[in-house]
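Okay, entry_17.pdb is below, PDB, C-alpha atoms and all ligand atoms:
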```pdb
MODEL        1
ATOM      1  CA  MET A1352      40.164 -97.408-188.715  1.00  0.00           C
ATOM      2  CA  ALA A1353      39.956 -99.764-185.712  1.00  0.00           C
ATOM      3  CA  SER A1354      41.366-103.233-186.275  1.00  0.00           C
ATOM      4  CA  THR A1355      39.284-106.254-185.383  1.00  0.00           C
ATOM      5  CA  ALA A1356      40.368-109.490-183.699  1.00  0.00           C
ATOM      6  CA  ASN A1357      40.406-111.560-186.896  1.00  0.00           C
ATOM      7  CA  GLU A1358      42.498-109.142-188.965  1.00  0.00           C
ATOM      8  CA  LYS A1359      45.974-110.355-189.923  1.00  0.00           C
ATOM      9  CA  PRO A1360      48.929-108.117-189.122  1.00  0.00           C
ATOM     10  CA  LEU A1361      49.952-106.179-192.241  1.00  0.00           C
ATOM     11  CA  SER A1362      53.451-107.702-192.115  1.00  0.00           C
ATOM     12  CA  GLU A1363      51.942-111.199-192.287  1.00  0.00           C
ATOM     13  CA  ALA A1364      49.591-110.212-195.123  1.00  0.00           C
ATOM     14  CA  ILE A1365      52.553-108.880-197.113  1.00  0.00           C
ATOM     15  CA  ARG A1366      54.654-111.992-196.485  1.00  0.00           C
ATOM     16  CA  HIS A1367      51.981-114.550-197.331  1.00  0.00           C
ATOM     17  CA  ARG A1368      50.074-112.844-200.180  1.00  0.00           C
ATOM     18  CA  ARG A1369      50.042-114.794-203.439  1.00  0.00           C
ATOM     19  CA  SER A1370      48.434-114.031-206.777  1.00  0.00           C
ATOM     20  CA  THR A1371      45.447-116.290-206.218  1.00  0.00           C
ATOM     21  CA  PRO A1372      45.104-118.974-208.912  1.00  0.00           C
ATOM     22  CA  SER A1373      41.397-119.767-208.384  1.00  0.00           C
ATOM     23  CA  PHE A1374      38.517-118.294-206.363  1.00  0.00           C
ATOM     24  CA  ALA A1375      35.619-119.907-204.480  1.00  0.00           C
ATOM     25  CA  PRO A1376      32.173-118.428-205.192  1.00  0.00           C
ATOM     26  CA  ASP A1377      31.553-117.291-201.549  1.00  0.00           C
ATOM     27  CA  PRO A1378      30.183-113.744-201.468  1.00  0.00           C
ATOM     28  CA  LEU A1379      32.202-110.889-199.999  1.00  0.00           C
ATOM     29  CA  PRO A1380      30.229-109.182-197.199  1.00  0.00           C
ATOM     30  CA  GLU A1381      29.378-105.534-197.888  1.00  0.00           C
ATOM     31  CA  ALA A1382      31.002-104.258-194.678  1.00  0.00           C
ATOM     32  CA  ASP A1383      34.346-105.816-195.641  1.00  0.00           C
ATOM     33  CA  LEU A1384      34.100-104.520-199.192  1.00  0.00           C
ATOM     34  CA  GLN A1385      33.535-101.055-197.760  1.00  0.00           C
ATOM     35  CA  LYS A1386      36.714-101.310-195.655  1.00  0.00           C
ATOM     36  CA  ILE A1387      38.680-102.510-198.689  1.00  0.00           C
ATOM     37  CA  VAL A1388      37.469 -99.644-200.878  1.00  0.00           C
ATOM     38  CA  ASP A1389      38.046 -97.084-198.117  1.00  0.00           C
ATOM     39  CA  ALA A1390      41.676 -98.212-197.846  1.00  0.00           C
ATOM     40  CA  ALA A1391      42.223 -97.072-201.437  1.00  0.00           C
ATOM     41  CA  LEU A1392      40.599 -93.726-200.822  1.00  0.00           C
ATOM     42  CA  LEU A1393      43.030 -93.003-197.976  1.00  0.00           C
ATOM     43  CA  ALA A1394      46.060 -93.380-200.275  1.00  0.00           C
ATOM     44  CA  PRO A1395      48.353 -90.438-200.968  1.00  0.00           C
ATOM     45  CA  SER A1396      48.292 -88.760-204.403  1.00  0.00           C
ATOM     46  CA  GLY A1397      50.191 -85.939-206.098  1.00  0.00           C
ATOM     47  CA  TYR A1398      48.723 -82.609-204.876  1.00  0.00           C
ATOM     48  CA  ASN A1399      45.922 -84.715-203.312  1.00  0.00           C
ATOM     49  CA  THR A1400      44.316 -84.869-206.757  1.00  0.00           C
ATOM     50  CA  GLN A1401      42.875 -88.379-206.153  1.00  0.00           C
ATOM     51  CA  PRO A1402      42.601 -89.151-209.882  1.00  0.00           C
ATOM     52  CA  TRP A1403      41.643 -92.793-209.195  1.00  0.00           C
ATOM     53  CA  ARG A1404      38.241 -94.145-210.129  1.00  0.00           C
ATOM     54  CA  PHE A1405      37.285 -97.674-209.102  1.00  0.00           C
ATOM     55  CA  ILE A1406      34.487 -99.656-210.702  1.00  0.00           C
ATOM     56  CA  VAL A1407      33.255-102.419-208.389  1.00  0.00           C
ATOM     57  CA  VAL A1408      31.969-105.300-210.504  1.00  0.00           C
ATOM     58  CA  ARG A1409      29.867-107.890-208.648  1.00  0.00           C
ATOM     59  CA  ASP A1410      27.168-108.887-211.113  1.00  0.00           C
ATOM     60  CA  PRO A1411      28.010-112.420-212.415  1.00  0.00           C
ATOM     61  CA  MET A1412      26.950-111.601-215.993  1.00  0.00           C
ATOM     62  CA  GLN A1413      29.067-108.469-215.993  1.00  0.00           C
ATOM     63  CA  ARG A1414      32.033-110.449-214.604  1.00  0.00           C
ATOM     64  CA  GLU A1415      31.613-113.029-217.387  1.00  0.00           C
ATOM     65  CA  LYS A1416      31.790-110.235-219.967  1.00  0.00           C
ATOM     66  CA  LEU A1417      34.728-108.648-218.181  1.00  0.00           C
ATOM     67  CA  CYS A1418      36.445-112.045-218.178  1.00  0.00           C
ATOM     68  CA  ALA A1419      36.074-112.190-221.981  1.00  0.00           C
ATOM     69  CA  ALA A1420      37.607-108.685-222.226  1.00  0.00           C
ATOM     70  CA  ALA A1421      40.485-109.828-220.029  1.00  0.00           C
ATOM     71  CA  MET A1422      41.862-112.652-222.129  1.00  0.00           C
ATOM     72  CA  ASN A1423      39.443-115.125-220.621  1.00  0.00           C
ATOM     73  CA  GLN A1424      41.236-115.203-217.299  1.00  0.00           C
ATOM     74  CA  ARG A1425      38.664-117.327-215.441  1.00  0.00           C
ATOM     75  CA  ARG A1426      39.400-115.799-212.041  1.00  0.00           C
ATOM     76  CA  ILE A1427      37.501-112.695-213.127  1.00  0.00           C
ATOM     77  CA  ALA A1428      34.329-114.732-213.532  1.00  0.00           C
ATOM     78  CA  GLU A1429      35.049-116.735-210.367  1.00  0.00           C
ATOM     79  CA  ALA A1430      35.860-114.028-207.798  1.00  0.00           C
ATOM     80  CA  PRO A1431      32.764-112.464-206.178  1.00  0.00           C
ATOM     81  CA  VAL A1432      34.212-108.967-206.623  1.00  0.00           C
ATOM     82  CA  VAL A1433      36.450-107.517-209.310  1.00  0.00           C
ATOM     83  CA  ILE A1434      37.624-103.941-208.979  1.00  0.00           C
ATOM     84  CA  VAL A1435      38.523-102.157-212.183  1.00  0.00           C
ATOM     85  CA  ALA A1436      41.064 -99.495-211.280  1.00  0.00           C
ATOM     86  CA  CYS A1437      41.137 -96.463-213.543  1.00  0.00           C
ATOM     87  CA  GLY A1438      42.787 -93.074-213.594  1.00  0.00           C
ATOM     88  CA  ASP A1439      40.914 -90.027-214.852  1.00  0.00           C
ATOM     89  CA  SER A1440      42.584 -86.941-216.282  1.00  0.00           C
ATOM     90  CA  ALA A1441      39.359 -84.967-216.805  1.00  0.00           C
ATOM     91  CA  HIS A1442      39.129 -81.395-215.480  1.00  0.00           C
ATOM     92  CA  LEU A1443      42.377 -81.662-213.534  1.00  0.00           C
ATOM     93  CA  ASP A1444      43.196 -77.959-213.624  1.00  0.00           C
ATOM     94  CA  GLY A1445      39.553 -76.895-213.318  1.00  0.00           C
ATOM     95  CA  GLU A1446      36.957 -78.545-211.138  1.00  0.00           C
ATOM     96  CA  VAL A1447      39.449 -81.022-209.571  1.00  0.00           C
ATOM     97  CA  LEU A1448      41.750 -78.206-208.487  1.00  0.00           C
ATOM     98  CA  ASP A1449      38.808 -76.255-207.024  1.00  0.00           C
ATOM     99  CA  GLU A1450      37.552 -79.290-205.127  1.00  0.00           C
ATOM    100  CA  MET A1451      40.986 -80.196-203.774  1.00  0.00           C
ATOM    101  CA  LEU A1452      41.473 -76.612-202.513  1.00  0.00           C
ATOM    102  CA  ARG A1453      37.966 -76.580-201.017  1.00  0.00           C
ATOM    103  CA  LEU A1454      38.802 -79.799-199.129  1.00  0.00           C
ATOM    104  CA  ALA A1455      42.126 -78.363-197.946  1.00  0.00           C
ATOM    105  CA  LYS A1456      40.315 -75.279-196.569  1.00  0.00           C
ATOM    106  CA  GLU A1457      37.626 -77.411-194.943  1.00  0.00           C
ATOM    107  CA  HIS A1458      40.308 -79.459-193.176  1.00  0.00           C
ATOM    108  CA  GLY A1459      42.436 -76.464-192.232  1.00  0.00           C
ATOM    109  CA  TYR A1460      45.289 -77.571-194.480  1.00  0.00           C
ATOM    110  CA  GLY A1461      47.378 -74.659-195.775  1.00  0.00           C
ATOM    111  CA  ASP A1462      46.504 -70.958-195.819  1.00  0.00           C
ATOM    112  CA  GLU A1463      45.192 -68.560-198.491  1.00  0.00           C
ATOM    113  CA  ARG A1464      48.682 -67.695-199.710  1.00  0.00           C
ATOM    114  CA  GLN A1465      49.684 -71.357-200.127  1.00  0.00           C
ATOM    115  CA  HIS A1466      46.424 -72.159-201.890  1.00  0.00           C
ATOM    116  CA  GLU A1467      47.050 -69.281-204.301  1.00  0.00           C
ATOM    117  CA  ILE A1468      50.520 -70.652-205.104  1.00  0.00           C
ATOM    118  CA  VAL A1469      49.037 -74.080-205.806  1.00  0.00           C
ATOM    119  CA  ARG A1470      46.358 -72.493-208.020  1.00  0.00           C
ATOM    120  CA  ARG A1471      49.080 -70.708-209.988  1.00  0.00           C
ATOM    121  CA  ASN A1472      51.529 -73.634-210.306  1.00  0.00           C
ATOM    122  CA  PHE A1473      49.187 -76.548-210.760  1.00  0.00           C
ATOM    123  CA  PRO A1474      48.263 -76.026-214.451  1.00  0.00           C
ATOM    124  CA  ASN A1475      51.985 -75.999-215.379  1.00  0.00           C
ATOM    125  CA  PHE A1476      52.513 -79.141-213.351  1.00  0.00           C
ATOM    126  CA  ILE A1477      49.678 -80.924-215.135  1.00  0.00           C
ATOM    127  CA  GLU A1478      50.907 -79.619-218.491  1.00  0.00           C
ATOM    128  CA  SER A1479      54.351 -81.157-217.850  1.00  0.00           C
ATOM    129  CA  LEU A1480      53.038 -84.649-217.147  1.00  0.00           C
ATOM    130  CA  GLU A1481      52.988 -87.712-219.295  1.00  0.00           C
ATOM    131  CA  LEU A1482      49.397 -88.290-218.245  1.00  0.00           C
ATOM    132  CA  ASN A1483      49.016 -92.066-218.350  1.00  0.00           C
ATOM    133  CA  VAL A1484      52.344 -92.603-216.602  1.00  0.00           C
ATOM    134  CA  TRP A1485      51.258 -90.160-213.912  1.00  0.00           C
ATOM    135  CA  LEU A1486      47.823 -91.780-213.582  1.00  0.00           C
ATOM    136  CA  ASN A1487      49.378 -95.258-213.304  1.00  0.00           C
ATOM    137  CA  ARG A1488      51.595 -94.031-210.472  1.00  0.00           C
ATOM    138  CA  GLN A1489      48.704 -92.546-208.472  1.00  0.00           C
ATOM    139  CA  VAL A1490      46.274 -95.397-209.026  1.00  0.00           C
ATOM    140  CA  ALA A1491      48.792 -98.198-208.391  1.00  0.00           C
ATOM    141  CA  ILE A1492      49.437 -96.904-204.867  1.00  0.00           C
ATOM    142  CA  ALA A1493      45.719 -96.777-204.046  1.00  0.00           C
ATOM    143  CA  LEU A1494      45.133-100.190-205.625  1.00  0.00           C
ATOM    144  CA  THR A1495      47.958-101.670-203.542  1.00  0.00           C
ATOM    145  CA  GLN A1496      46.399-100.294-200.354  1.00  0.00           C
ATOM    146  CA  MET A1497      43.130-101.899-201.399  1.00  0.00           C
ATOM    147  CA  MET A1498      44.787-105.248-202.118  1.00  0.00           C
ATOM    148  CA  LEU A1499      46.622-105.276-198.794  1.00  0.00           C
ATOM    149  CA  MET A1500      43.497-104.319-196.828  1.00  0.00           C
ATOM    150  CA  ALA A1501      41.688-107.253-198.467  1.00  0.00           C
ATOM    151  CA  GLU A1502      44.542-109.573-197.442  1.00  0.00           C
ATOM    152  CA  VAL A1503      44.554-108.186-193.882  1.00  0.00           C
ATOM    153  CA  LEU A1504      40.818-108.943-193.679  1.00  0.00           C
ATOM    154  CA  GLY A1505      41.511-112.567-194.651  1.00  0.00           C
ATOM    155  CA  TYR A1506      40.643-112.438-198.365  1.00  0.00           C
ATOM    156  CA  ASP A1507      42.757-113.551-201.304  1.00  0.00           C
ATOM    157  CA  THR A1508      43.550-111.330-204.263  1.00  0.00           C
ATOM    158  CA  ALA A1509      44.900-111.266-207.803  1.00  0.00           C
ATOM    159  CA  ILE A1510      45.961-108.138-209.695  1.00  0.00           C
ATOM    160  CA  MET A1511      45.740-108.349-213.493  1.00  0.00           C
ATOM    161  CA  GLU A1512      47.080-106.355-216.398  1.00  0.00           C
ATOM    162  CA  GLY A1513      46.059-108.929-218.989  1.00  0.00           C
ATOM    163  CA  PHE A1514      43.026-107.235-220.562  1.00  0.00           C
ATOM    164  CA  TRP A1515      42.110-105.409-223.737  1.00  0.00           C
ATOM    165  CA  GLU A1516      41.655-101.843-222.589  1.00  0.00           C
ATOM    166  CA  ASP A1517      39.361-100.847-225.457  1.00  0.00           C
ATOM    167  CA  ARG A1518      37.022-103.776-224.703  1.00  0.00           C
ATOM    168  CA  VAL A1519      37.007-103.104-220.944  1.00  0.00           C
ATOM    169  CA  LYS A1520      36.272 -99.425-221.605  1.00  0.00           C
ATOM    170  CA  GLU A1521      33.424-100.220-223.956  1.00  0.00           C
ATOM    171  CA  LEU A1522      31.875-102.772-221.568  1.00  0.00           C
ATOM    172  CA  LEU A1523      32.032-100.514-218.515  1.00  0.00           C
ATOM    173  CA  VAL A1524      31.235 -97.264-220.359  1.00  0.00           C
ATOM    174  CA  ILE A1525      34.542 -95.681-219.313  1.00  0.00           C
ATOM    175  CA  PRO A1526      35.054 -92.205-220.850  1.00  0.00           C
ATOM    176  CA  ASP A1527      37.968 -91.226-223.143  1.00  0.00           C
ATOM    177  CA  SER A1528      39.532 -89.133-220.364  1.00  0.00           C
ATOM    178  CA  ALA A1529      40.074 -92.272-218.283  1.00  0.00           C
ATOM    179  CA  HIS A1530      42.697 -94.976-218.518  1.00  0.00           C
ATOM    180  CA  VAL A1531      42.312 -98.539-217.158  1.00  0.00           C
ATOM    181  CA  VAL A1532      45.279 -99.328-214.910  1.00  0.00           C
ATOM    182  CA  ALA A1533      44.593-102.862-213.636  1.00  0.00           C
ATOM    183  CA  LEU A1534      41.926-105.273-212.399  1.00  0.00           C
ATOM    184  CA  LEU A1535      41.847-106.622-208.850  1.00  0.00           C
ATOM    185  CA  CYS A1536      40.014-109.869-208.079  1.00  0.00           C
ATOM    186  CA  ILE A1537      39.032-110.334-204.436  1.00  0.00           C
ATOM    187  CA  GLY A1538      37.550-113.443-202.802  1.00  0.00           C
ATOM    188  CA  LYS A1539      38.569-116.653-201.092  1.00  0.00           C
ATOM    189  CA  LEU A1540      41.121-119.074-202.467  1.00  0.00           C
ATOM    190  CA  ARG A1541      39.738-122.300-203.936  1.00  0.00           C
ATOM    191  CA  GLY A1542      42.091-125.285-204.006  1.00  0.00           C
ATOM    192  CA  PRO A1543      45.834-125.087-203.527  1.00  0.00           C
ATOM    193  CA  ASP A1544      47.551-121.702-203.550  1.00  0.00           C
ATOM    194  CA  LYS A1545      50.156-120.729-206.122  1.00  0.00           C
ATOM    195  CA  PRO A1546      53.647-121.525-204.855  1.00  0.00           C
ATOM    196  CA  PHE A1547      55.986-118.612-204.122  1.00  0.00           C
ATOM    197  CA  GLY A1548      57.835-117.833-207.346  1.00  0.00           C
ATOM    198  CA  GLY A1549      60.883-116.375-205.602  1.00  0.00           C
ATOM    199  CA  ARG A1550      62.442-112.937-205.838  1.00  0.00           C
ATOM    200  CA  PHE A1551      65.717-111.751-207.351  1.00  0.00           C
ATOM    201  CA  ASP A1552      68.657-111.480-205.040  1.00  0.00           C
ATOM    202  CA  ARG A1553      68.628-108.103-203.312  1.00  0.00           C
ATOM    203  CA  SER A1554      72.078-107.290-204.754  1.00  0.00           C
ATOM    204  CA  ARG A1555      70.274-106.976-208.091  1.00  0.00           C
ATOM    205  CA  THR A1556      67.430-104.771-206.883  1.00  0.00           C
ATOM    206  CA  ILE A1557      68.572-102.781-203.827  1.00  0.00           C
ATOM    207  CA  PHE A1558      71.318-100.181-204.234  1.00  0.00           C
ATOM    208  CA  HIS A1559      72.984 -97.866-201.751  1.00  0.00           C
ATOM    209  CA  GLU A1560      73.570 -94.159-202.229  1.00  0.00           C
ATOM    210  CA  ARG A1561      73.660 -94.451-206.059  1.00  0.00           C
ATOM    211  CA  TRP A1562      72.516 -96.757-208.859  1.00  0.00           C
ATOM    212  CA  GLY A1563      74.525 -99.955-208.487  1.00  0.00           C
ATOM    213  CA  GLY A1564      75.981 -98.874-205.129  1.00  0.00           C
ATOM    214  CA  THR A1565      76.839-101.688-202.724  1.00  0.00           C
ATOM    215  CA  ARG A1566      77.609-101.669-199.041  1.00  0.00           C
TER     216      ARG A1566
HETATM  217  C1  LIG B1601      50.446-105.162-212.216  1.00  0.00           C
HETATM  218  C2  LIG B1601      50.338-106.657-212.231  1.00  0.00           C
HETATM  219  C3  LIG B1601      49.671-107.269-213.263  1.00  0.00           C
HETATM  220  C4  LIG B1601      49.517-108.664-213.292  1.00  0.00           C
HETATM  221  N1  LIG B1601      48.762-109.236-214.274  1.00  0.00           N
HETATM  222  C5  LIG B1601      48.545-110.560-214.261  1.00  0.00           C
HETATM  223  C6  LIG B1601      47.672-111.149-215.217  1.00  0.00           C
HETATM  224  O1  LIG B1601      47.065-110.489-216.038  1.00  0.00           O
HETATM  225  N2  LIG B1601      47.510-112.491-215.172  1.00  0.00           N
HETATM  226  C7  LIG B1601      48.143-113.276-214.252  1.00  0.00           C
HETATM  227  O2  LIG B1601      47.963-114.493-214.270  1.00  0.00           O
HETATM  228  N3  LIG B1601      48.954-112.739-213.316  1.00  0.00           N
HETATM  229  C8  LIG B1601      49.155-111.393-213.288  1.00  0.00           C
HETATM  230  N4  LIG B1601      49.953-110.817-212.316  1.00  0.00           N
HETATM  231  C9  LIG B1601      50.514-111.671-211.265  1.00  0.00           C
HETATM  232  C10 LIG B1601      52.020-111.870-211.379  1.00  0.00           C
HETATM  233  O3  LIG B1601      52.307-112.837-212.338  1.00  0.00           O
HETATM  234  C11 LIG B1601      52.528-112.264-209.971  1.00  0.00           C
HETATM  235  O4  LIG B1601      52.373-111.169-209.109  1.00  0.00           O
HETATM  236  C12 LIG B1601      53.993-112.709-209.966  1.00  0.00           C
HETATM  237  O5  LIG B1601      54.172-113.879-210.696  1.00  0.00           O
HETATM  238  C13 LIG B1601      54.486-112.939-208.542  1.00  0.00           C
HETATM  239  O6  LIG B1601      53.663-113.884-207.865  1.00  0.00           O
HETATM  240  P1  LIG B1601      52.935-113.523-206.495  1.00  0.00           P
HETATM  241  O7  LIG B1601      52.022-112.351-206.765  1.00  0.00           O
HETATM  242  O8  LIG B1601      52.160-114.746-206.130  1.00  0.00           O
HETATM  243  O9  LIG B1601      53.980-113.179-205.492  1.00  0.00           O
HETATM  244  C14 LIG B1601      50.107-109.447-212.265  1.00  0.00           C
HETATM  245  C15 LIG B1601      50.792-108.803-211.237  1.00  0.00           C
HETATM  246  C16 LIG B1601      50.892-107.432-211.205  1.00  0.00           C
HETATM  247  C17 LIG B1601      51.576-106.754-210.051  1.00  0.00           C
ENDMDL
END
```
Rendering of file as structure tokens:
Amino acid sequence: MASTANEKPLSEAIRHRRSTPSFAPDPLPEADLQKIVDAALLAPSGYNTQPWRFIVVRDPMQREKLCAAAMNQRRIAEAPVVIVACGDSAHLDGEVLDEMLRLAKEHGYGDERQHEIVRRNFPNFIESLELNVWLNRQVAIALTQMMLMAEVLGYDTAIMEGFWEDRVKELLVIPDSAHVVALLCIGKLRGPDKPFGGRFDRSRTIFHERWGGTR
């Protein structure tokens, strides 16, 4: 992915990102949206299973309804694009496994013997998972890549977990096999940005060599 002159360095995007308090109605050009979505699709995932599903919501009426299903957080109706990030556990040890092995072969990743081992072990792996925890882990990484790509391209973002999952699922016709992880609003900041809320001292959150370990 070639960078363009007006992209921010990733380090700057990470330092200056805020959860945007209000969005201007300016549309998000299709080419930029494509880059943002592609950034998610390049994320890593366990066994390369790619269980994420992203619903891109642009239609103003649909965003109004989504806003109502998300505790009336107005930013959902304001932002030109809202991405609904989901994880899907359907057909993981069937069609998904076949497709992931087909891709691996196509890209020359692994040999027959390794693919056979994966085919044998994968169902046990899936069986051992707490599915929604596992889906959250996979999808959150992809969603973060998407958020940071949007920030690098000069957009503002807000991730949201304040929604009623059953209402979001009904509105967007999301199947039972899928779980809604979070919403991501993308657009341009309107008005003043939210001030930095601070972060805990690193002695509370960064350990060395063991839990609680200090240097
Ligand atoms: C997973 C996740 C869910 C969040 N959900 C909401 C939300 O529903 N509504 C909201 O106003 N802020 C939400 N936030 C924003 C947080 O409040 C915000 O990230 C935090 O206060 C730190 O501020 P900053 O993002 O500007 O650094 C969410 C953030 C994350 C990472």
Distance filter 8 Å around ligand LIG 1601 (chain B), atoms: all atoms listed in the file, out as a list in words
Arg1368, Arg1369, Ser1370, Thr1371, Pro1372, Ala1421, Gln1424, Ala1509, Ile1510, Met1511, Glu1512, Gly1513, Phe1514, Ala1533, Lys1545, Pro1546, Phe1547, Gly1548 and Gly1549 of chain A
Might you pull out every residue within 12 Å of Ser1362 (chain A), with only C-alpha atoms counted and same-chain residues fewer than 5 positions away left off, and present them as a list in words?
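Listing them by chain and then by number gives His1367, Arg1368, Leu1499, Met1500, Glu1502 and Val1503 of chain A.
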Of the residues A:Gly1538, A:Pro1376, A:Pro1395, A:Pro1402, which is the one nearest to Ala1441 (chain A), using only C-alpha atoms?
A:Pro1402
Let me make sure I understand: among A:Met1412, A:Asn1423, A:Met1497, A:Tyr1398, which one has the smallest atom-to-atom distance to Val1469 (chain A) if we use only C-alpha atoms?
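Distance minimum relative to Val1469 (chain A) lands on A:Tyr1398.
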Given the file above and the PyMOL selection byres (((chain A and resi 1482) around 12) and not hetatm), which residues are selected, and can you give them as a ChimeraX atom specification?
/A:1402,1438-1441,1443,1476-1481,1483-1489,1528-1530
Quick one: apply the PyMOL selection byres (((chain A and resi 1446-1460) around 10) and not hetatm) to the file and drop the selected residues here as an mmCIF file with C-alpha atoms, keeping the file's coordinate frame.
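Okay, this is what ended up in selection_29.cif:
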```
data_model
loop_
_atom_site.group_PDB
_atom_site.id
_atom_site.type_symbol
_atom_site.label_atom_id
_atom_site.label_comp_id
_atom_site.auth_asym_id
_atom_site.auth_seq_id
_atom_site.Cartn_x
_atom_site.Cartn_y
_atom_site.Cartn_z
ATOM 1 C CA TYR A 1398 48.723 -82.609 -204.876
ATOM 2 C CA ASN A 1399 45.922 -84.715 -203.312
ATOM 3 C CA THR A 1400 44.316 -84.869 -206.757
ATOM 4 C CA GLN A 1401 42.875 -88.379 -206.153
ATOM 5 C CA PRO A 1402 42.601 -89.151 -209.882
ATOM 6 C CA SER A 1440 42.584 -86.941 -216.282
ATOM 7 C CA ALA A 1441 39.359 -84.967 -216.805
ATOM 8 C CA HIS A 1442 39.129 -81.395 -215.480
ATOM 9 C CA LEU A 1443 42.377 -81.662 -213.534
ATOM 10 C CA ASP A 1444 43.196 -77.959 -213.624
ATOM 11 C CA GLY A 1445 39.553 -76.895 -213.318
ATOM 12 C CA GLY A 1461 47.378 -74.659 -195.775
ATOM 13 C CA ASP A 1462 46.504 -70.958 -195.819
ATOM 14 C CA GLU A 1463 45.192 -68.560 -198.491
ATOM 15 C CA GLN A 1465 49.684 -71.357 -200.127
ATOM 16 C CA HIS A 1466 46.424 -72.159 -201.890
ATOM 17 C CA GLU A 1467 47.050 -69.281 -204.301
ATOM 18 C CA VAL A 1469 49.037 -74.080 -205.806
ATOM 19 C CA ARG A 1470 46.358 -72.493 -208.020
ATOM 20 C CA PHE A 1473 49.187 -76.548 -210.760
ATOM 21 C CA PRO A 1474 48.263 -76.026 -214.451
#
```
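Shortest atom-to-atom contact with Lys1520 (chain A) among A:Ile1427, A:Leu1417, A:Ala1501, A:Val1490: A:Leu1417, counting all atoms listed in the file.
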Residue with smallest distance to Gln1496 (chain A) - pool A:Cys1437, A:Leu1535, A:Arg1471, A:Arg1426, counting all atoms listed in the file
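So, comparing all the options, the nearest one is A:Leu1535.
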Counting all atoms listed in the file, closest pick from A:Val1432, A:Ile1468, A:Val1524, A:Ala1493 relative to Thr1508 (chain A) is A:Val1432
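For the pair CA of Leu1534 (chain A) and CA of Ile1557 (chain A), the interatomic distance is 28.1 Å.
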With all atoms listed in the file as the basis for distance, which of A:Tyr1506, A:Arg1555, A:Trp1562, A:Leu1522 is at the shortest distance from Lys1359 (chain A)?
A:Tyr1506
Taking all atoms of region 1499-1503 of chain A that the file lists, what box with edges along x, y and z, padded by 6 Å per side, do you get, with centre and edge lengths in Å to one decimal, as lines of an AutoDock Vina configuration file?
```
center_x = 44.2
center_y = -106.9
center_z = -196.3
size_x = 16.9
size_y = 17.3
size_z = 16.9
```
Tell me, in Å to one decimal, how far CA of Asp1552 (chain A) is from CA of Pro1360 (chain A).
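Distance between the two atoms: 25.6 Å.
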